[in-house]
file structure37.cif (mmCIF, C-alpha atoms)
data_data
#
loop_
_atom_site.label_atom_id
_atom_site.label_comp_id
_atom_site.auth_asym_id
_atom_site.auth_seq_id
_atom_site.Cartn_x
_atom_site.Cartn_y
_atom_site.Cartn_z
CA MET U 1 -47.79 -0.29 -245.94
CA LYS U 2 -49.33 -3.25 -247.72
CA ASN U 3 -51.91 -3.73 -244.95
CA ASN U 4 -52.76 -0.03 -245.00
CA PHE U 5 -53.39 -0.28 -248.73
CA GLY U 6 -55.66 -3.25 -248.09
CA TYR U 7 -57.68 -1.35 -245.51
CA LEU U 8 -57.93 1.62 -247.91
CA HIS U 9 -59.22 -0.72 -250.61
CA LEU U 10 -61.84 -2.06 -248.22
CA LEU U 11 -62.93 1.40 -247.10
CA LEU U 12 -63.35 2.44 -250.72
CA LEU U 13 -65.47 -0.64 -251.28
CA LEU U 14 -67.64 0.23 -248.29
CA ALA U 15 -67.95 3.81 -249.52
CA THR U 16 -69.13 2.48 -252.86
CA CYS U 17 -71.74 0.42 -251.03
CA VAL U 18 -73.04 3.49 -249.19
CA ALA U 19 -73.04 5.65 -252.32
CA ALA U 20 -74.81 3.04 -254.43
CA SER U 21 -77.44 2.42 -251.78
CA THR U 22 -78.03 6.10 -251.13
CA VAL U 23 -79.24 6.42 -254.69
CA LYS U 24 -81.85 3.78 -253.96
CA ASP U 25 -83.20 5.21 -250.69
CA ALA U 26 -82.70 8.64 -249.17
CA GLU U 27 -83.68 7.32 -245.70
CA LEU U 28 -80.83 4.80 -245.41
CA GLY U 29 -79.56 3.61 -242.08
CA HIS U 30 -82.68 4.51 -240.12
CA PHE U 31 -85.29 2.66 -238.10
CA PHE U 32 -88.92 3.18 -239.05
CA ASP U 33 -91.62 2.56 -236.46
CA ILE U 34 -94.40 0.39 -237.92
CA THR U 35 -96.35 0.32 -234.66
CA HIS U 36 -99.67 2.05 -234.05
CA GLU U 37 -99.58 3.93 -230.78
CA HIS U 38 -101.97 2.78 -228.08
CA ARG U 39 -104.56 5.50 -227.59
CA PRO U 40 -108.22 5.89 -226.65
CA GLY U 41 -110.51 5.14 -229.59
CA MET U 42 -108.48 2.35 -231.17
CA PRO U 43 -110.64 -0.19 -233.00
CA ILE U 44 -111.42 -3.46 -231.26
CA PHE U 45 -113.48 -6.42 -232.44
CA GLY U 46 -117.23 -5.89 -232.36
CA SER U 47 -117.15 -2.33 -230.98
CA SER U 48 -118.33 0.92 -232.53
CA ASP U 49 -116.75 3.00 -229.76
CA GLY U 50 -113.19 1.67 -229.78
CA THR U 51 -110.99 1.38 -226.73
CA GLY U 52 -111.26 3.47 -223.60
CA PRO U 53 -108.47 5.35 -221.83
CA VAL U 54 -105.13 3.58 -221.97
CA VAL U 55 -103.57 5.32 -218.97
CA GLY U 56 -105.72 5.94 -215.91
CA PRO U 57 -105.64 9.02 -213.69
CA TYR U 58 -102.42 9.65 -211.84
CA LYS U 59 -102.37 8.88 -208.15
CA VAL U 60 -99.91 10.13 -205.59
CA ILE U 61 -98.54 7.56 -203.15
CA ASN U 62 -96.59 8.45 -200.02
CA ASP U 63 -93.84 5.99 -199.19
CA THR U 64 -92.36 5.26 -195.76
CA GLU U 65 -89.84 8.10 -196.04
CA ASN U 66 -92.53 10.69 -196.70
CA SER U 67 -91.54 11.16 -200.32
CA GLN U 68 -94.14 11.02 -203.05
CA LEU U 69 -94.44 8.64 -206.00
CA ASN U 70 -96.66 8.99 -209.03
CA TYR U 71 -98.72 5.91 -209.81
CA SER U 72 -101.01 5.35 -212.76
CA PRO U 73 -102.77 2.17 -213.93
CA MET U 74 -102.55 1.15 -217.59
CA GLN U 75 -105.10 -0.90 -219.49
CA LEU U 76 -104.27 -2.49 -222.84
CA HIS U 77 -106.44 -4.79 -224.92
CA ILE U 78 -104.09 -7.55 -226.04
CA ASN U 79 -105.85 -7.91 -229.42
CA SER U 80 -105.98 -4.20 -230.23
CA GLY U 81 -103.37 -1.91 -231.73
CA THR U 82 -100.19 -3.52 -233.02
CA HIS U 83 -99.89 -6.95 -231.44
CA THR U 84 -98.46 -10.43 -231.83
CA LYS U 85 -100.60 -13.57 -231.65
CA ALA U 86 -99.42 -16.85 -230.18
CA TRP U 87 -100.52 -20.42 -230.77
CA THR U 88 -100.16 -21.05 -227.03
CA THR U 89 -98.81 -18.12 -224.98
CA VAL U 90 -96.66 -15.15 -225.98
CA ASP U 91 -93.88 -16.00 -223.54
CA GLU U 92 -93.19 -19.10 -225.64
CA LEU U 93 -92.72 -17.23 -228.94
CA ASP U 94 -89.38 -17.64 -230.70
CA LEU U 95 -87.53 -14.31 -230.75
CA GLU U 96 -85.33 -15.45 -233.64
CA THR U 97 -88.43 -15.93 -235.78
CA LEU U 98 -89.74 -12.51 -234.74
CA ASN U 99 -86.56 -10.70 -235.81
CA GLY U 100 -84.76 -10.81 -239.14
CA PRO U 101 -85.17 -10.17 -242.88
CA VAL U 102 -88.75 -9.55 -243.96
CA LEU U 103 -90.49 -9.10 -247.30
CA VAL U 104 -93.21 -6.44 -247.58
CA VAL U 105 -95.72 -7.36 -250.30
CA GLU U 106 -98.42 -5.08 -251.68
CA VAL U 107 -101.69 -6.92 -252.22
CA PRO U 108 -103.87 -5.95 -255.22
CA LYS U 109 -106.41 -3.33 -254.19
CA ASP U 110 -109.59 -4.58 -252.50
CA LYS U 111 -108.44 -8.19 -252.73
CA ASN U 112 -108.45 -10.75 -249.96
CA LEU U 113 -105.52 -13.13 -249.69
CA THR U 114 -107.13 -16.18 -251.22
CA ALA U 115 -105.08 -19.15 -252.40
CA GLU U 116 -105.18 -17.70 -255.92
CA VAL U 117 -103.95 -14.27 -254.81
CA VAL U 118 -101.22 -15.64 -252.53
CA GLY U 119 -99.97 -17.87 -255.35
CA PHE U 120 -100.04 -14.92 -257.76
CA LEU U 121 -97.83 -12.88 -255.40
CA ASN U 122 -95.07 -15.44 -256.02
CA ILE U 123 -93.30 -15.27 -252.64
CA PRO U 124 -89.67 -16.44 -253.12
CA ASP U 125 -88.61 -19.70 -251.47
CA HIS U 126 -85.95 -18.02 -249.29
CA VAL U 127 -88.48 -15.71 -247.60
CA GLU U 128 -89.43 -16.71 -244.05
CA ARG U 129 -91.20 -13.50 -242.98
CA VAL U 130 -93.80 -11.59 -244.97
CA LEU U 131 -95.90 -8.50 -244.24
CA PHE U 132 -98.97 -8.01 -246.43
CA LYS U 133 -99.83 -4.39 -247.21
CA THR U 134 -103.51 -4.38 -248.15
CA SER U 135 -106.28 -1.91 -248.90
CA ASN U 136 -106.76 -1.69 -245.12
CA SER U 137 -103.90 0.82 -245.11
CA ASP U 138 -105.43 2.87 -247.94
CA ARG U 139 -108.73 2.92 -246.03
CA ASP U 140 -106.91 3.95 -242.84
CA LEU U 141 -108.91 1.41 -240.86
CA MET U 142 -106.57 1.34 -237.86
CA HIS U 143 -107.30 5.03 -237.23
CA LYS U 144 -111.08 4.55 -237.19
CA LYS U 145 -112.55 3.66 -233.80
CA GLU U 146 -115.50 1.73 -235.25
CA PHE U 147 -114.62 -1.87 -236.05
CA ASP U 148 -114.92 -2.62 -239.78
CA SER U 149 -115.74 -6.26 -240.54
CA SER U 150 -115.04 -5.75 -244.26
CA TYR U 151 -111.26 -5.58 -243.73
CA ALA U 152 -108.97 -7.47 -246.13
CA GLY U 153 -107.01 -10.50 -244.96
CA LEU U 154 -106.19 -14.15 -245.42
CA THR U 155 -109.01 -16.53 -246.30
CA ALA U 156 -108.94 -20.12 -245.08
CA ASP U 157 -107.70 -21.44 -248.42
CA GLY U 158 -105.12 -18.63 -248.61
CA ALA U 159 -103.72 -19.57 -245.19
CA GLU U 160 -103.64 -23.23 -246.17
CA TRP U 161 -101.80 -22.41 -249.40
CA LEU U 162 -99.28 -20.25 -247.51
CA ALA U 163 -98.61 -22.98 -244.95
CA ARG U 164 -98.22 -25.77 -247.51
CA ASN U 165 -96.38 -24.04 -250.36
CA THR U 166 -93.98 -21.52 -248.78
CA ASN U 167 -91.31 -21.43 -246.07
CA ILE U 168 -93.05 -18.62 -244.20
CA LYS U 169 -92.65 -18.64 -240.41
CA LEU U 170 -94.14 -15.20 -239.73
CA VAL U 171 -96.99 -13.34 -241.44
CA GLY U 172 -98.14 -9.77 -240.79
CA LEU U 173 -101.16 -7.70 -241.81
CA ASP U 174 -102.41 -4.14 -241.45
CA TYR U 175 -105.60 -4.73 -239.41
CA LEU U 176 -106.69 -6.45 -236.21
CA SER U 177 -106.50 -9.99 -237.59
CA VAL U 178 -104.53 -11.68 -240.35
CA GLY U 179 -107.68 -13.70 -241.13
CA VAL U 180 -110.81 -12.26 -242.73
CA MET U 181 -113.81 -12.04 -240.42
CA PRO U 182 -115.67 -15.22 -241.49
CA ASP U 183 -112.46 -17.32 -241.63
CA ARG U 184 -110.51 -16.22 -238.56
CA GLU U 185 -110.55 -19.53 -236.73
CA PRO U 186 -109.65 -21.75 -239.72
CA VAL U 187 -106.93 -19.24 -240.71
CA TYR U 188 -105.27 -19.51 -237.29
CA LYS U 189 -105.67 -23.29 -237.45
CA PHE U 190 -103.87 -23.51 -240.81
CA LEU U 191 -101.09 -21.19 -239.61
CA GLY U 192 -100.78 -23.36 -236.52
CA LYS U 193 -97.83 -23.15 -234.15
CA ASP U 194 -95.28 -22.81 -236.97
CA ILE U 195 -96.37 -19.41 -238.41
CA ILE U 196 -96.54 -16.41 -236.07
CA PRO U 197 -99.20 -13.77 -236.89
CA LEU U 198 -98.37 -10.07 -236.52
CA GLU U 199 -101.48 -7.90 -236.55
CA GLY U 200 -102.40 -4.22 -236.61
CA LEU U 201 -99.28 -3.15 -238.52
CA ASN U 202 -98.63 0.47 -239.49
CA ILE U 203 -97.15 -0.18 -242.95
CA GLY U 204 -99.13 2.23 -245.15
CA GLY U 205 -95.98 4.24 -245.88
CA VAL U 206 -93.64 1.25 -246.30
CA HIS U 207 -92.43 0.45 -249.80
CA PRO U 208 -92.70 -3.16 -250.98
CA GLY U 209 -89.42 -5.06 -250.88
CA GLU U 210 -86.97 -6.59 -248.42
CA HIS U 211 -86.35 -4.95 -245.06
CA ALA U 212 -85.16 -5.93 -241.59
CA LEU U 213 -87.81 -6.53 -238.93
CA ARG U 214 -87.35 -5.92 -235.22
CA CYS U 215 -90.27 -7.24 -233.18
CA LEU U 216 -90.50 -7.58 -229.39
CA PRO U 217 -93.88 -8.45 -227.87
CA LEU U 218 -94.44 -7.79 -224.18
CA SER U 219 -93.77 -10.91 -222.16
CA ILE U 220 -97.11 -11.59 -220.50
CA SER U 221 -97.72 -14.88 -218.71
CA TYR U 222 -100.64 -16.97 -219.99
CA ALA U 223 -101.60 -14.38 -222.66
CA SER U 224 -102.46 -15.50 -226.19
CA ALA U 225 -101.48 -12.11 -227.63
CA ALA U 226 -99.44 -9.10 -226.56
CA PRO U 227 -98.91 -5.46 -227.55
CA THR U 228 -95.72 -5.20 -229.59
CA ARG U 229 -93.27 -2.53 -230.66
CA ARG U 230 -92.08 -3.17 -234.20
CA THR U 231 -89.64 -1.42 -236.48
CA LYS U 232 -88.21 -1.98 -239.91
CA PHE U 233 -84.63 -1.00 -240.76
CA ASP U 234 -83.32 0.24 -244.09
CA GLY U 235 -79.56 0.16 -244.54
CA CYS U 236 -76.89 -0.16 -247.20
CA TRP U 237 -75.96 -3.74 -246.25
CA ASP U 238 -77.64 -5.26 -249.29
CA LYS U 239 -76.95 -8.81 -250.44
CA GLY U 240 -74.84 -7.94 -253.48
CA ASN U 241 -72.43 -5.58 -251.75
CA SER U 242 -72.26 -7.59 -248.52
CA ALA U 243 -71.24 -10.70 -250.45
CA LEU U 244 -68.47 -8.75 -252.17
CA ILE U 245 -67.21 -7.30 -248.90
CA CYS U 246 -67.33 -10.69 -247.15
CA GLN U 247 -65.28 -12.21 -249.96
CA TYR U 248 -62.67 -9.47 -249.54
CA LEU U 249 -62.54 -9.93 -245.76
CA GLU U 250 -62.15 -13.68 -246.11
CA SER U 251 -59.36 -13.43 -248.67
CA HIS U 252 -57.42 -11.05 -246.39
CA LYS U 253 -58.19 -13.01 -243.20
CA LEU U 254 -60.02 -10.04 -241.68
CA SER U 255 -63.18 -9.82 -239.62
CA ILE U 256 -65.58 -7.01 -238.81
CA LEU U 257 -65.13 -6.65 -235.06
CA THR U 258 -67.85 -4.02 -234.65
CA LEU U 259 -70.40 -2.70 -237.06
CA ASP U 260 -72.44 0.40 -236.34
CA GLU U 261 -74.44 2.70 -238.58
CA ASN U 262 -71.36 4.83 -239.26
CA VAL U 263 -68.48 2.87 -237.73
CA PHE U 264 -66.62 -0.15 -239.09
CA VAL U 265 -63.71 -1.70 -237.18
CA PHE U 266 -61.62 -4.45 -238.78
CA GLY U 267 -59.18 -6.92 -237.29
CA PRO U 268 -57.61 -10.31 -237.82
CA HIS U 269 -59.66 -13.49 -237.55
CA SER U 270 -59.97 -14.74 -234.00
CA HIS U 271 -59.11 -18.39 -233.36
#

call {"tool": "encode", "arguments": {"input": "structure37.cif", "output": "structure tokens"}}
result
Amino acid sequence: MKNNFGYLHLLLLLATCVAASTVKDAELGHFFDITHEHRPGMPIFGSSDGTGPVVGPYKVINDTENSQLNYSPMQLHINSGTHTKAWTTVDELDLETLNGPVLVVEVPKDKNLTAEVVGFLNIPDHVERVLFKTSNSDRDLMHKKEFDSSYAGLTADGAEWLARNTNIKLVGLDYLSVGVMPDREPVYKFLGKDIIPLEGLNIGGVHPGEHALRCLPLSISYASAAPTRRTKFDGCWDKGNSALICQYLESHKLSILTLDENVFVFGPHSH
């Protein structure tokens, strides 16, 4: 009876977490795709026409047993659409860095991310992943096939400031490069191998604040960039409530054995 009362107490606490968080966001517990779909007419560097067809014409192949298979070639530009850059090759990227808590920051309108602007944004010390939402999203640049060299991004001194004064390991932006057009090479140099760039993000509708990032680039041998599917997740597991729940679990020697969007299963600590 005592244990049942304890479980009831915990369930009430979890219900409070859900109720309190629901007030903050009506879309709780859902994944949001922040990837631009690959399609003909995506912008690419230096082109006014954008990309060509992504999927070629279907071909029918007869196998040895006289059955038919559909075959179609696919062509993707590794630096177009939503993609991940690598200092060396994408198959060496750290998946733990690519997935985890992320801070979405809204950049002042029509501003590049200079050292002054990045310092003004006051990124907290605990943040290791940041996505910059710039005027590129307001201008809808990723949906225009003609490349626009006036896009907003990191300047060389902004990248240097970010690398030297924060704990950032991953930085994302809402156009084809995290670095502004004249400074692309020095920006990548300052980011180096320790800060992974995510580019071409679809974050126009994402509210600033902390989210969870899921990012899995295609594993392509010898490629310096790769198309990537990315999502952000909003849920009720915020830091204040999770700390309270963890304290309760610890004091009652309980563990969460499984945790799903709607299912919590509790049991004794394993040894």

call {"tool": "residues_around", "arguments": {"input": "structure37.cif", "residues": "segment 99-106 of chain U", "least_positions_apart": "5", "cutoff": "6 Å", "atoms": "all atoms listed in the file", "output": "list in words"}}
result
Arg129, Val130, Leu131, Phe132, Lys133, Pro208, Gly209, Glu210, His211, Ala212, Leu213, Arg214 and Cys215 of chain U

call {"tool": "closest_residue", "arguments": {"input": "structure37.cif", "among": "U:Thr114, U:Thr97, U:Ser224, U:Thr155", "to": "Val178 of chain U", "atoms": "all atoms listed in the file"}}
result
U:Thr155

call {"tool": "resolve_selection", "arguments": {"input": "structure37.cif", "expression": "the PyMOL selection byres ((chain U and resi 119) around 10)", "output": "PyMOL selection string"}}
result
chain U and resi 113-118+120-123+158+161-162+165-166

call {"tool": "atom_distance", "arguments": {"input": "structure37.cif", "atom1": "atom CA of Glu96 of chain U", "atom2": "atom CA of Lys193 of chain U"}}
result
14.7 Å

call {"tool": "resolve_selection", "arguments": {"input": "structure37.cif", "expression": "the PyMOL selection byres ((chain U and resi 221) around 12)", "output": "list in words"}}
result
Ala86, Thr88, Thr89, Val90, Asp91, Glu92, Leu93, Pro217, Leu218, Ser219, Ile220, Tyr222, Ala223, Ser224, Ala225 and Ala226 of chain U

call {"tool": "atom_distance", "arguments": {"input": "structure37.cif", "atom1": "atom CA of Lys85 of chain U", "atom2": "atom CA of Thr51 of chain U"}}
result
18.9 Å
